[in-house]
>>> print(open('protein.cif').read())   # mmCIF, C-alpha atoms and all ligand atoms
data_target
loop_
_atom_site.group_PDB
_atom_site.id
_atom_site.type_symbol
_atom_site.label_atom_id
_atom_site.label_comp_id
_atom_site.auth_asym_id
_atom_site.auth_seq_id
_atom_site.Cartn_x
_atom_site.Cartn_y
_atom_site.Cartn_z
ATOM 1 C CA MET A 223 9.474 -13.823 -16.603
ATOM 2 C CA ASP A 224 12.452 -12.879 -14.439
ATOM 3 C CA LEU A 225 11.461 -9.634 -12.715
ATOM 4 C CA GLY A 226 15.095 -8.778 -12.016
ATOM 5 C CA LEU A 227 14.476 -8.373 -8.295
ATOM 6 C CA ASN A 228 17.053 -10.839 -7.047
ATOM 7 C CA GLY A 229 19.183 -9.164 -4.366
ATOM 8 C CA ARG A 230 17.185 -5.906 -4.348
ATOM 9 C CA ARG A 231 16.421 -4.457 -0.905
ATOM 10 C CA ALA A 232 12.747 -3.751 -0.289
ATOM 11 C CA LEU A 233 11.122 -1.869 2.587
ATOM 12 C CA VAL A 234 7.423 -2.691 2.846
ATOM 13 C CA CYS A 235 5.520 -0.549 5.351
ATOM 14 C CA ALA A 236 2.541 -1.856 7.319
ATOM 15 C CA ALA A 237 3.129 -5.409 6.161
ATOM 16 C CA SER A 238 2.421 -7.863 8.964
ATOM 17 C CA ALA A 239 -0.973 -8.583 7.342
ATOM 18 C CA GLY A 240 -3.215 -7.753 4.420
ATOM 19 C CA LEU A 241 -2.100 -5.997 1.256
ATOM 20 C CA GLY A 242 1.302 -4.992 2.668
ATOM 21 C CA TYR A 243 2.033 -8.606 3.593
ATOM 22 C CA ALA A 244 0.998 -9.750 0.115
ATOM 23 C CA CYS A 245 3.405 -7.242 -1.476
ATOM 24 C CA ALA A 246 6.214 -8.376 0.840
ATOM 25 C CA GLU A 247 5.527 -11.998 -0.023
ATOM 26 C CA ALA A 248 5.533 -11.391 -3.785
ATOM 27 C CA LEU A 249 8.785 -9.408 -3.598
ATOM 28 C CA ALA A 250 10.418 -12.059 -1.399
ATOM 29 C CA ARG A 251 9.372 -14.817 -3.823
ATOM 30 C CA GLU A 252 11.197 -12.886 -6.552
ATOM 31 C CA GLY A 253 14.403 -12.903 -4.520
ATOM 32 C CA ALA A 254 14.308 -9.465 -2.888
ATOM 33 C CA ALA A 255 15.587 -9.033 0.671
ATOM 34 C CA VAL A 256 12.539 -7.620 2.425
ATOM 35 C CA THR A 257 12.076 -5.535 5.583
ATOM 36 C CA ILE A 258 8.510 -5.389 6.874
ATOM 37 C CA THR A 259 7.033 -3.004 9.441
ATOM 38 C CA GLY A 260 4.019 -3.065 11.748
ATOM 39 C CA ARG A 261 3.027 -1.735 15.175
ATOM 40 C CA ASP A 262 2.374 -5.021 16.955
ATOM 41 C CA ALA A 263 5.908 -6.412 17.370
ATOM 42 C CA ALA A 264 4.773 -9.969 18.103
ATOM 43 C CA ALA A 265 2.460 -10.118 15.076
ATOM 44 C CA LEU A 266 5.249 -8.644 12.964
ATOM 45 C CA GLU A 267 7.736 -11.320 14.082
ATOM 46 C CA ARG A 268 5.180 -14.026 13.294
ATOM 47 C CA ALA A 269 4.668 -12.538 9.833
ATOM 48 C CA ALA A 270 8.436 -12.367 9.239
ATOM 49 C CA ALA A 271 8.853 -15.999 10.284
ATOM 50 C CA ARG A 272 6.037 -17.029 7.930
ATOM 51 C CA LEU A 273 7.586 -15.107 5.048
ATOM 52 C CA ARG A 274 10.981 -16.721 5.689
ATOM 53 C CA ALA A 275 9.429 -20.178 5.778
ATOM 54 C CA GLU A 276 7.295 -19.611 2.660
ATOM 55 C CA THR A 277 9.860 -17.856 0.460
ATOM 56 C CA GLY A 278 13.318 -18.699 1.830
ATOM 57 C CA ALA A 279 14.195 -15.012 1.358
ATOM 58 C CA GLU A 280 16.099 -12.714 3.700
ATOM 59 C CA ILE A 281 13.391 -11.084 5.826
ATOM 60 C CA ALA A 282 13.888 -8.431 8.520
ATOM 61 C CA ALA A 283 11.310 -6.818 10.789
ATOM 62 C CA ALA A 284 11.205 -3.244 12.098
ATOM 63 C CA ALA A 285 8.481 -2.720 14.676
ATOM 64 C CA GLY A 286 6.944 0.719 15.000
ATOM 65 C CA ASP A 287 4.178 3.065 13.944
ATOM 66 C CA ILE A 288 5.167 4.225 10.470
ATOM 67 C CA THR A 289 3.099 7.386 10.894
ATOM 68 C CA THR A 290 5.534 8.630 13.562
ATOM 69 C CA GLU A 291 9.099 9.845 13.180
ATOM 70 C CA ALA A 292 10.255 7.165 15.611
ATOM 71 C CA GLY A 293 8.565 4.447 13.557
ATOM 72 C CA ARG A 294 10.141 5.693 10.346
ATOM 73 C CA ALA A 295 13.572 5.913 12.029
ATOM 74 C CA ALA A 296 13.165 2.299 13.201
ATOM 75 C CA ALA A 297 12.369 1.201 9.647
ATOM 76 C CA PHE A 298 15.379 2.992 8.173
ATOM 77 C CA ALA A 299 17.640 1.694 10.944
ATOM 78 C CA VAL A 300 16.931 -1.819 9.670
ATOM 79 C CA CYS A 301 16.783 -0.957 5.959
ATOM 80 C CA PRO A 302 18.760 2.258 5.450
ATOM 81 C CA ALA A 303 18.934 2.379 1.650
ATOM 82 C CA PRO A 304 16.043 0.504 0.058
ATOM 83 C CA ASP A 305 15.902 -0.058 -3.701
ATOM 84 C CA ILE A 306 12.172 -0.600 -3.365
ATOM 85 C CA LEU A 307 9.737 1.194 -1.053
ATOM 86 C CA ILE A 308 6.106 0.206 -0.579
ATOM 87 C CA ASN A 309 4.184 2.881 1.311
ATOM 88 C CA ASN A 310 1.228 1.656 3.280
ATOM 89 C CA ALA A 311 -0.541 2.345 6.587
ATOM 90 C CA GLY A 312 -3.936 1.753 8.083
ATOM 91 C CA GLY A 313 -6.839 3.664 6.581
ATOM 92 C CA PRO A 314 -8.704 6.401 8.473
ATOM 93 C CA PRO A 315 -12.112 5.790 10.074
ATOM 94 C CA ALA A 316 -15.403 6.264 8.248
ATOM 95 C CA GLY A 317 -17.963 8.809 9.390
ATOM 96 C CA ASP A 318 -19.844 12.020 8.721
ATOM 97 C CA PHE A 319 -17.360 14.770 7.845
ATOM 98 C CA ARG A 320 -19.338 17.206 10.014
ATOM 99 C CA GLU A 321 -18.338 15.219 13.063
ATOM 100 C CA PHE A 322 -14.612 14.759 12.453
ATOM 101 C CA THR A 323 -12.409 16.730 14.799
ATOM 102 C CA GLU A 324 -9.374 18.739 13.774
ATOM 103 C CA ALA A 325 -7.224 16.004 15.356
ATOM 104 C CA GLN A 326 -8.891 13.328 13.185
ATOM 105 C CA TRP A 327 -8.244 15.347 10.034
ATOM 106 C CA GLN A 328 -4.605 15.845 11.061
ATOM 107 C CA ALA A 329 -4.200 12.135 11.802
ATOM 108 C CA ALA A 330 -5.618 11.119 8.410
ATOM 109 C CA LEU A 331 -3.474 13.633 6.541
ATOM 110 C CA ASN A 332 -0.450 12.461 8.507
ATOM 111 C CA ALA A 333 -1.037 8.740 7.958
ATOM 112 C CA ASN A 334 -2.174 8.728 4.355
ATOM 113 C CA MET A 335 -0.418 11.735 2.848
ATOM 114 C CA LEU A 336 2.443 13.189 4.922
ATOM 115 C CA THR A 337 3.894 9.822 6.020
ATOM 116 C CA PRO A 338 4.355 8.442 2.497
ATOM 117 C CA ILE A 339 5.743 11.826 1.424
ATOM 118 C CA ALA A 340 8.266 11.709 4.305
ATOM 119 C CA MET A 341 9.247 8.169 3.325
ATOM 120 C CA MET A 342 9.769 9.159 -0.310
ATOM 121 C CA ARG A 343 11.734 12.237 0.711
ATOM 122 C CA ALA A 344 14.080 10.000 2.701
ATOM 123 C CA VAL A 345 14.817 7.595 -0.163
ATOM 124 C CA VAL A 346 14.472 9.212 -3.591
ATOM 125 C CA ASP A 347 17.846 10.949 -3.744
ATOM 126 C CA GLY A 348 19.715 7.768 -2.779
ATOM 127 C CA MET A 349 17.740 5.797 -5.351
ATOM 128 C CA ALA A 350 18.537 8.404 -7.999
ATOM 129 C CA ALA A 351 22.253 8.267 -7.147
ATOM 130 C CA ARG A 352 22.171 4.466 -7.557
ATOM 131 C CA ARG A 353 20.089 4.798 -10.770
ATOM 132 C CA PHE A 354 17.448 2.370 -9.592
ATOM 133 C CA GLY A 355 14.393 2.930 -7.469
ATOM 134 C CA ARG A 356 10.856 1.627 -7.349
ATOM 135 C CA ILE A 357 8.190 3.142 -5.129
ATOM 136 C CA VAL A 358 4.602 1.958 -4.884
ATOM 137 C CA ASN A 359 2.064 3.786 -2.745
ATOM 138 C CA ILE A 360 -0.955 1.776 -1.677
ATOM 139 C CA THR A 361 -3.845 4.232 -1.884
ATOM 140 C CA SER A 362 -7.456 3.298 -2.635
ATOM 141 C CA ALA A 363 -10.114 3.078 -5.307
ATOM 142 C CA ALA A 364 -11.538 6.052 -3.369
ATOM 143 C CA VAL A 365 -9.046 8.236 -5.256
ATOM 144 C CA LYS A 366 -10.800 7.398 -8.527
ATOM 145 C CA ALA A 367 -14.363 7.438 -7.203
ATOM 146 C CA PRO A 368 -15.012 8.990 -3.781
ATOM 147 C CA MET A 369 -16.642 6.646 -1.312
ATOM 148 C CA PRO A 370 -19.551 7.818 0.838
ATOM 149 C CA GLY A 371 -18.570 8.258 4.482
ATOM 150 C CA LEU A 372 -14.858 8.127 3.703
ATOM 151 C CA ALA A 373 -14.082 11.840 3.501
ATOM 152 C CA LEU A 374 -10.848 11.419 5.456
ATOM 153 C CA SER A 375 -9.538 8.736 3.109
ATOM 154 C CA ASN A 376 -10.853 10.387 -0.079
ATOM 155 C CA THR A 377 -9.122 13.643 0.821
ATOM 156 C CA ALA A 378 -5.763 12.523 2.197
ATOM 157 C CA ARG A 379 -5.128 9.961 -0.526
ATOM 158 C CA THR A 380 -6.041 12.381 -3.290
ATOM 159 C CA GLY A 381 -3.510 14.834 -1.857
ATOM 160 C CA LEU A 382 -0.855 12.115 -1.974
ATOM 161 C CA THR A 383 -1.836 11.313 -5.557
ATOM 162 C CA GLY A 384 -1.275 14.930 -6.596
ATOM 163 C CA PHE A 385 2.128 14.927 -4.944
ATOM 164 C CA VAL A 386 3.159 11.689 -6.657
ATOM 165 C CA ALA A 387 2.054 13.035 -10.057
ATOM 166 C CA GLY A 388 4.684 15.745 -9.663
ATOM 167 C CA LEU A 389 7.525 13.918 -7.911
ATOM 168 C CA SER A 390 7.359 10.872 -10.185
ATOM 169 C CA ARG A 391 8.162 13.068 -13.178
ATOM 170 C CA GLU A 392 11.077 14.736 -11.410
ATOM 171 C CA VAL A 393 12.954 11.522 -10.656
ATOM 172 C CA ALA A 394 12.091 9.237 -13.590
ATOM 173 C CA TRP A 395 15.253 10.318 -15.472
ATOM 174 C CA ALA A 396 17.283 8.402 -12.855
ATOM 175 C CA ASN A 397 15.310 5.164 -13.272
ATOM 176 C CA VAL A 398 13.377 5.926 -10.083
ATOM 177 C CA VAL A 399 9.747 5.230 -10.808
ATOM 178 C CA ILE A 400 6.850 5.969 -8.522
ATOM 179 C CA ASN A 401 3.333 4.646 -9.007
ATOM 180 C CA ASN A 402 0.193 4.200 -6.938
ATOM 181 C CA MET A 403 -1.929 1.086 -6.595
ATOM 182 C CA LEU A 404 -5.641 1.647 -5.955
ATOM 183 C CA PRO A 405 -7.323 -1.344 -4.313
ATOM 184 C CA GLY A 406 -11.022 -1.910 -4.615
ATOM 185 C CA PRO A 407 -12.327 -4.527 -2.152
ATOM 186 C CA PHE A 408 -9.678 -7.109 -1.217
ATOM 187 C CA ASP A 409 -10.259 -9.920 1.242
ATOM 188 C CA THR A 410 -8.097 -8.741 4.148
ATOM 189 C CA GLY A 411 -8.623 -8.392 7.882
ATOM 190 C CA ARG A 412 -9.487 -4.749 7.371
ATOM 191 C CA LEU A 413 -12.246 -5.486 4.834
ATOM 192 C CA ARG A 414 -13.630 -8.252 7.063
ATOM 193 C CA ARG A 415 -13.593 -5.894 10.069
ATOM 194 C CA ASN A 416 -15.289 -3.132 8.072
ATOM 195 C CA LEU A 417 -18.029 -5.539 6.965
ATOM 196 C CA SER A 418 -18.642 -6.812 10.512
ATOM 197 C CA PRO A 419 -21.272 -5.046 12.589
ATOM 198 C CA GLY A 420 -19.192 -4.755 15.802
ATOM 199 C CA GLY A 421 -15.521 -3.850 16.167
ATOM 200 C CA ALA A 422 -14.274 -7.445 15.887
ATOM 201 C CA ILE A 423 -14.287 -9.654 12.794
ATOM 202 C CA ASP A 424 -17.500 -11.637 12.340
ATOM 203 C CA ASN A 425 -16.619 -13.977 9.462
ATOM 204 C CA ALA A 426 -20.204 -14.933 8.638
ATOM 205 C CA ALA A 427 -21.229 -11.280 8.366
ATOM 206 C CA ALA A 428 -18.054 -10.481 6.413
ATOM 207 C CA GLU A 429 -18.758 -13.304 3.918
ATOM 208 C CA ARG A 430 -22.293 -11.982 3.421
ATOM 209 C CA GLY A 431 -20.944 -8.456 2.936
ATOM 210 C CA MET A 432 -18.345 -9.625 0.432
ATOM 211 C CA ALA A 433 -20.949 -11.627 -1.500
ATOM 212 C CA ALA A 434 -23.209 -8.575 -1.715
ATOM 213 C CA TRP A 435 -20.324 -6.422 -2.881
ATOM 214 C CA ALA A 436 -19.178 -9.071 -5.376
ATOM 215 C CA ALA A 437 -22.604 -8.978 -7.046
ATOM 216 C CA ARG A 438 -21.865 -5.365 -8.070
ATOM 217 C CA ILE A 439 -18.414 -6.196 -9.459
ATOM 218 C CA PRO A 440 -18.014 -7.435 -13.065
ATOM 219 C CA ALA A 441 -15.490 -10.065 -11.854
ATOM 220 C CA ARG A 442 -18.231 -11.225 -9.384
ATOM 221 C CA ARG A 443 -15.786 -11.537 -6.511
ATOM 222 C CA VAL A 444 -13.578 -9.457 -4.253
ATOM 223 C CA GLY A 445 -9.828 -9.389 -4.781
ATOM 224 C CA ASN A 446 -7.304 -11.871 -3.480
ATOM 225 C CA PRO A 447 -4.343 -10.122 -1.791
ATOM 226 C CA ALA A 448 -1.906 -12.373 -3.695
ATOM 227 C CA GLU A 449 -3.132 -10.771 -6.940
ATOM 228 C CA PHE A 450 -2.358 -7.377 -5.474
ATOM 229 C CA GLY A 451 1.123 -8.518 -4.436
ATOM 230 C CA ALA A 452 1.896 -9.839 -7.911
ATOM 231 C CA VAL A 453 1.052 -6.518 -9.563
ATOM 232 C CA CYS A 454 3.133 -4.722 -6.953
ATOM 233 C CA ALA A 455 6.129 -6.961 -7.686
ATOM 234 C CA PHE A 456 5.806 -6.223 -11.406
ATOM 235 C CA LEU A 457 5.696 -2.455 -10.743
ATOM 236 C CA CYS A 458 8.933 -2.904 -8.764
ATOM 237 C CA SER A 459 10.561 -4.990 -11.473
ATOM 238 C CA ALA A 460 13.345 -4.201 -13.908
ATOM 239 C CA HIS A 461 10.661 -4.057 -16.631
ATOM 240 C CA ALA A 462 8.635 -1.232 -15.088
ATOM 241 C CA GLY A 463 11.022 1.676 -15.677
ATOM 242 C CA PHE A 464 8.715 3.318 -18.248
ATOM 243 C CA ILE A 465 5.604 3.213 -16.031
ATOM 244 C CA VAL A 466 5.755 6.620 -14.387
ATOM 245 C CA GLY A 467 3.259 8.311 -12.085
ATOM 246 C CA GLN A 468 0.384 5.951 -12.869
ATOM 247 C CA ASN A 469 -2.609 5.032 -10.750
ATOM 248 C CA ILE A 470 -3.310 1.335 -11.193
ATOM 249 C CA LEU A 471 -6.863 0.448 -10.242
ATOM 250 C CA LEU A 472 -7.452 -3.152 -9.093
ATOM 251 C CA ASP A 473 -11.182 -3.457 -8.592
ATOM 252 C CA GLY A 474 -12.475 -6.275 -10.800
ATOM 253 C CA GLY A 475 -14.036 -3.693 -13.125
ATOM 254 C CA GLU A 476 -16.240 -2.066 -10.481
ATOM 255 C CA PHE A 477 -15.373 1.458 -11.651
ATOM 256 C CA ASN A 478 -17.324 1.773 -14.884
ATOM 257 C CA SER A 479 -15.486 3.774 -17.515
ATOM 258 C CA THR A 480 -14.139 3.487 -21.049
ATOM 259 C CA ILE A 481 -10.618 4.645 -20.174
HETATM 260 P P1 LIG A 501 -5.128 -4.774 7.191
HETATM 261 O O1 LIG A 501 -5.551 -6.111 6.710
HETATM 262 O O2 LIG A 501 -5.800 -4.192 8.390
HETATM 263 O O3 LIG A 501 -3.544 -4.768 7.405
HETATM 264 C C1 LIG A 501 -2.933 -3.586 7.822
HETATM 265 C C2 LIG A 501 -1.463 -3.855 8.128
HETATM 266 O O4 LIG A 501 -0.833 -2.601 8.341
HETATM 267 C C3 LIG A 501 -1.225 -4.669 9.382
HETATM 268 O O5 LIG A 501 -0.033 -5.412 9.213
HETATM 269 C C4 LIG A 501 -1.030 -3.584 10.441
HETATM 270 O O6 LIG A 501 -0.283 -4.103 11.545
HETATM 271 C C5 LIG A 501 -0.249 -2.562 9.637
HETATM 272 N N1 LIG A 501 -0.386 -1.177 10.091
HETATM 273 C C6 LIG A 501 -1.535 -0.478 10.207
HETATM 274 N N2 LIG A 501 -1.271 0.770 10.630
HETATM 275 C C7 LIG A 501 0.082 0.850 10.772
HETATM 276 C C8 LIG A 501 0.958 1.875 11.186
HETATM 277 N N3 LIG A 501 0.506 3.086 11.544
HETATM 278 N N4 LIG A 501 2.294 1.631 11.206
HETATM 279 C C9 LIG A 501 2.777 0.415 10.853
HETATM 280 N N5 LIG A 501 1.982 -0.595 10.459
HETATM 281 C C10 LIG A 501 0.646 -0.381 10.431
HETATM 282 O O7 LIG A 501 -5.366 -3.645 6.045
HETATM 283 P P2 LIG A 501 -5.391 -3.820 4.435
HETATM 284 O O8 LIG A 501 -6.738 -4.235 3.996
HETATM 285 O O9 LIG A 501 -4.191 -4.554 3.998
HETATM 286 O O10 LIG A 501 -5.271 -2.281 3.990
HETATM 287 C C11 LIG A 501 -4.028 -1.656 3.721
HETATM 288 C C12 LIG A 501 -4.324 -0.239 3.199
HETATM 289 O O11 LIG A 501 -5.077 -0.344 1.979
HETATM 290 C C13 LIG A 501 -5.165 0.609 4.156
HETATM 291 O O12 LIG A 501 -4.734 1.952 4.097
HETATM 292 C C14 LIG A 501 -6.550 0.481 3.594
HETATM 293 O O13 LIG A 501 -7.370 1.573 3.914
HETATM 294 C C15 LIG A 501 -6.259 0.438 2.092
HETATM 295 N N6 LIG A 501 -7.352 -0.189 1.355
HETATM 296 C C16 LIG A 501 -7.692 -1.476 1.568
HETATM 297 C C17 LIG A 501 -8.749 -2.020 0.845
HETATM 298 C C18 LIG A 501 -9.198 -3.454 1.054
HETATM 299 O O14 LIG A 501 -10.224 -3.837 0.508
HETATM 300 N N7 LIG A 501 -8.496 -4.260 1.787
HETATM 301 C C19 LIG A 501 -9.442 -1.234 -0.091
HETATM 302 C C20 LIG A 501 -9.057 0.089 -0.281
HETATM 303 C C21 LIG A 501 -8.010 0.600 0.456
HETATM 304 P P3 LIG A 501 -0.401 -3.413 13.012
HETATM 305 O O15 LIG A 501 -1.861 -3.230 13.272
HETATM 306 O O16 LIG A 501 0.284 -4.380 13.929
HETATM 307 O O17 LIG A 501 0.339 -2.114 12.901
#
>>> encode(input="protein.cif", output="structure tokens")
Amino acid sequence: MDLGLNGRRALVCAASAGLGYACAEALAREGAAVTITGRDAAALERAAARLRAETGAEIAAAAGDITTEAGRAAAFAVCPAPDILINNAGGPPAGDFREFTEAQWQAALNANMLTPIAMMRAVVDGMAARRFGRIVNITSAAVKAPMPGLALSNTARTGLTGFVAGLSREVAWANVVINNMLPGPFDTGRLRRNLSPGGAIDNAAAERGMAAWAARIPARRVGNPAEFGAVCAFLCSAHAGFIVGQNILLDGGEFNSTI
């Protein structure tokens, strides 16, 4: 299937690794010109070089923290009028909600709710004027089923989800569609770090953690980021114009429900 992405300009936030990288790769393979962002400029350049080598697509890099105004300005300086926007950023820390400070709450709300809203605010009117726009927000399975110890994530991402439910219906008339993707466990650096006892990745511990998690998942495995990227590319495709304001759960069936 031709996704109709050839020549489209995509801005993929937080994409030097993990799920963001997988989305960038899938879009680039479909012929989009992709700008990726990340805080570590050297890691970002390495990721851009890898994407160029693997896909042959036009890849640009905009270093910066996407949760700051300066980081967002840097991204738009490189990709001023994207046809496709993938909103992503690091997730907030786990912990007991009684112990989170005001500053931690503000940081989580900023990173996982206000930042994607600011990004959408900057692009939706231009997309509507051009009669094409595709926005995917990477949220979390925690929106569907709250995760213990993840109050910051559960709360901020649910706020974003409410916002998207409204905005997506305001701009769909102009062929601007906005959807959210909700990852369950995907094998990324973040998951491996979270499953390691110390701060750094311990691959043996991470493999054990993933195996234990996989036993609770009907698919009996964790997700492969490439699968996530492929779904993202479809949601950005010419064929996705009637998918509006949806929350697509990718969790191997872990969330048990009839609909
Ligand atoms: P990851 O493997 O740690 O990759 C995160 C990427 O985002 C890196 O390229 C990182 O580069 C970049 N990044 C992080 N914070 C940034 C910021 N403020 N500004 C710009 N770039 C930033 O993480 P992941 O597993 O792909 O997770 C992506 C998102 O999905 C997170 O919000 C996570 O909570 C959520 N999620 C993941 C899973 C999972 O199983 N993987 C499940 C549910 C939800 P720099 O560090 O250089 O900036």
>>> residues_around(input="protein.cif", residues="segment 451-467 of chain A", least_positions_apart="5", cutoff="10 Å", atoms="only C-alpha atoms", output="PyMOL selection string")
chain A and resi 223-228+230+232+240-252+254+305-308+354-360+383-391+393-403+446+472
>>> atom_distance(input="protein.cif", atom1="atom CA of Met335 of chain A", atom2="atom CA of Ala378 of chain A")
5.4 Å
>>> closest_atom_pairs(input="protein.cif", of="chain A", to="ligand LIG 501 (chain A)", cutoff="7 Å", atoms="only C-alpha atoms and all ligand atoms", output="JSON lines")
{"residue": "A:Cys235", "atom": "CA", "partner": "A:LIG501", "partner_atom": "N5", "distance": 6.2}
{"residue": "A:Ala236", "atom": "CA", "partner": "A:LIG501", "partner_atom": "N5", "distance": 3.4}
{"residue": "A:Ala237", "atom": "CA", "partner": "A:LIG501", "partner_atom": "O5", "distance": 4.4}
{"residue": "A:Ser238", "atom": "CA", "partner": "A:LIG501", "partner_atom": "O5", "distance": 3.5}
{"residue": "A:Ala239", "atom": "CA", "partner": "A:LIG501", "partner_atom": "O5", "distance": 3.8}
{"residue": "A:Gly240", "atom": "CA", "partner": "A:LIG501", "partner_atom": "O9", "distance": 3.4}
{"residue": "A:Leu241", "atom": "CA", "partner": "A:LIG501", "partner_atom": "O9", "distance": 3.7}
{"residue": "A:Gly242", "atom": "CA", "partner": "A:LIG501", "partner_atom": "O9", "distance": 5.7}
{"residue": "A:Tyr243", "atom": "CA", "partner": "A:LIG501", "partner_atom": "O5", "distance": 6.8}
{"residue": "A:Thr259", "atom": "CA", "partner": "A:LIG501", "partner_atom": "C9", "distance": 5.6}
{"residue": "A:Gly260", "atom": "CA", "partner": "A:LIG501", "partner_atom": "N5", "distance": 3.5}
{"residue": "A:Arg261", "atom": "CA", "partner": "A:LIG501", "partner_atom": "O17", "distance": 3.5}
{"residue": "A:Asp262", "atom": "CA", "partner": "A:LIG501", "partner_atom": "O16", "distance": 3.7}
{"residue": "A:Ala263", "atom": "CA", "partner": "A:LIG501", "partner_atom": "O16", "distance": 6.9}
{"residue": "A:Ala265", "atom": "CA", "partner": "A:LIG501", "partner_atom": "O16", "distance": 6.2}
{"residue": "A:Leu266", "atom": "CA", "partner": "A:LIG501", "partner_atom": "O16", "distance": 6.6}
{"residue": "A:Gly286", "atom": "CA", "partner": "A:LIG501", "partner_atom": "C9", "distance": 5.9}
{"residue": "A:Asp287", "atom": "CA", "partner": "A:LIG501", "partner_atom": "N4", "distance": 3.6}
{"residue": "A:Ile288", "atom": "CA", "partner": "A:LIG501", "partner_atom": "N4", "distance": 3.9}
{"residue": "A:Thr289", "atom": "CA", "partner": "A:LIG501", "partner_atom": "N3", "distance": 5.1}
{"residue": "A:Asn310", "atom": "CA", "partner": "A:LIG501", "partner_atom": "C12", "distance": 5.9}
{"residue": "A:Ala311", "atom": "CA", "partner": "A:LIG501", "partner_atom": "N2", "distance": 4.4}
{"residue": "A:Gly312", "atom": "CA", "partner": "A:LIG501", "partner_atom": "N2", "distance": 3.8}
{"residue": "A:Gly313", "atom": "CA", "partner": "A:LIG501", "partner_atom": "O13", "distance": 3.4}
{"residue": "A:Pro314", "atom": "CA", "partner": "A:LIG501", "partner_atom": "O13", "distance": 6.8}
{"residue": "A:Ala333", "atom": "CA", "partner": "A:LIG501", "partner_atom": "N3", "distance": 6.9}
{"residue": "A:Ile360", "atom": "CA", "partner": "A:LIG501", "partner_atom": "O11", "distance": 5.9}
{"residue": "A:Thr361", "atom": "CA", "partner": "A:LIG501", "partner_atom": "C21", "distance": 6.0}
{"residue": "A:Ser362", "atom": "CA", "partner": "A:LIG501", "partner_atom": "C21", "distance": 4.1}
{"residue": "A:Ala363", "atom": "CA", "partner": "A:LIG501", "partner_atom": "C20", "distance": 5.9}
{"residue": "A:Leu404", "atom": "CA", "partner": "A:LIG501", "partner_atom": "C20", "distance": 6.8}
{"residue": "A:Pro405", "atom": "CA", "partner": "A:LIG501", "partner_atom": "C20", "distance": 4.6}
{"residue": "A:Gly406", "atom": "CA", "partner": "A:LIG501", "partner_atom": "C19", "distance": 4.8}
{"residue": "A:Pro407", "atom": "CA", "partner": "A:LIG501", "partner_atom": "O14", "distance": 3.5}
{"residue": "A:Phe408", "atom": "CA", "partner": "A:LIG501", "partner_atom": "O14", "distance": 3.7}
{"residue": "A:Asp409", "atom": "CA", "partner": "A:LIG501", "partner_atom": "N7", "distance": 6.0}
{"residue": "A:Thr410", "atom": "CA", "partner": "A:LIG501", "partner_atom": "O1", "distance": 4.5}
{"residue": "A:Gly411", "atom": "CA", "partner": "A:LIG501", "partner_atom": "O1", "distance": 4.0}
{"residue": "A:Arg412", "atom": "CA", "partner": "A:LIG501", "partner_atom": "O2", "distance": 3.9}
{"residue": "A:Leu413", "atom": "CA", "partner": "A:LIG501", "partner_atom": "N7", "distance": 5.0}
>>> closest_residue(input="protein.cif", among="A:Gly445, A:Pro440, A:Pro370, A:Gly431", to="Ser418 of chain A", atoms="all atoms listed in the file")
A:Gly431
>>> atom_distance(input="protein.cif", atom1="atom CA of Gly475 of chain A", atom2="atom CA of Arg442 of chain A")
9.4 Å
>>> atom_distance(input="protein.cif", atom1="atom CA of Leu331 of chain A", atom2="atom CA of Arg414 of chain A")
24.1 Å
>>> residues_around(input="protein.cif", residues="Leu336 of chain A", least_positions_apart="5", cutoff="10 Å", atoms="all atoms listed in the file", output="number ranges by chain")
A: 289, 328-331, 341-342, 378-379, 381-382
>>> axis_aligned_box(input="protein.cif", around="segment 471-478 of chain A", padding_each_side="4 Å", output="JSON")
{"center_x": -12.1, "center_y": -2.3, "center_z": -11.7, "size_x": 18.5, "size_y": 16.0, "size_z": 14.3}
>>> closest_residue(input="protein.cif", among="A:Ala264, A:Glu276, A:Val300, A:Leu372", to="Pro315 of chain A", atoms="all atoms listed in the file")
A:Leu372
>>> closest_residue(input="protein.cif", among="A:Thr257, A:Ala275, A:Ala344, A:Arg268", to="Cys301 of chain A", atoms="all atoms listed in the file")
A:Thr257
>>> residues_around(input="protein.cif", residues="Glu321 of chain A", least_positions_apart="6", cutoff="12 Å", atoms="all atoms listed in the file", output="mmCIF file with C-alpha atoms, keeping the file's coordinate frame")
data_model
loop_
_atom_site.group_PDB
_atom_site.id
_atom_site.type_symbol
_atom_site.label_atom_id
_atom_site.label_comp_id
_atom_site.auth_asym_id
_atom_site.auth_seq_id
_atom_site.Cartn_x
_atom_site.Cartn_y
_atom_site.Cartn_z
ATOM 1 C CA PRO A 315 -12.112 5.790 10.074
ATOM 2 C CA TRP A 327 -8.244 15.347 10.034
ATOM 3 C CA GLY A 371 -18.570 8.258 4.482
ATOM 4 C CA ALA A 373 -14.082 11.840 3.501
ATOM 5 C CA LEU A 374 -10.848 11.419 5.456
#
>>> resolve_selection(input="protein.cif", expression="the PyMOL selection byres (((chain A and resi 478) around 12) and not hetatm)", output="PyMOL selection string")
chain A and resi 366-367+438-440+471+473-477+479-481
>>> closest_residue(input="protein.cif", among="A:Ala441, A:Ala295, A:Val345, A:Ala316", to="Asn416 of chain A", atoms="all atoms listed in the file")
A:Ala316
>>> closest_residue(input="protein.cif", among="A:Val346, A:Ala284, A:Val365, A:Ala279", to="Val234 of chain A", atoms="only C-alpha atoms")
A:Ala284
>>> residues_around(input="protein.cif", residues="Ala255 of chain A", least_positions_apart="4", cutoff="6 Å", atoms="all atoms listed in the file", output="list in words")
Arg231, Glu280 and Ile281 of chain A
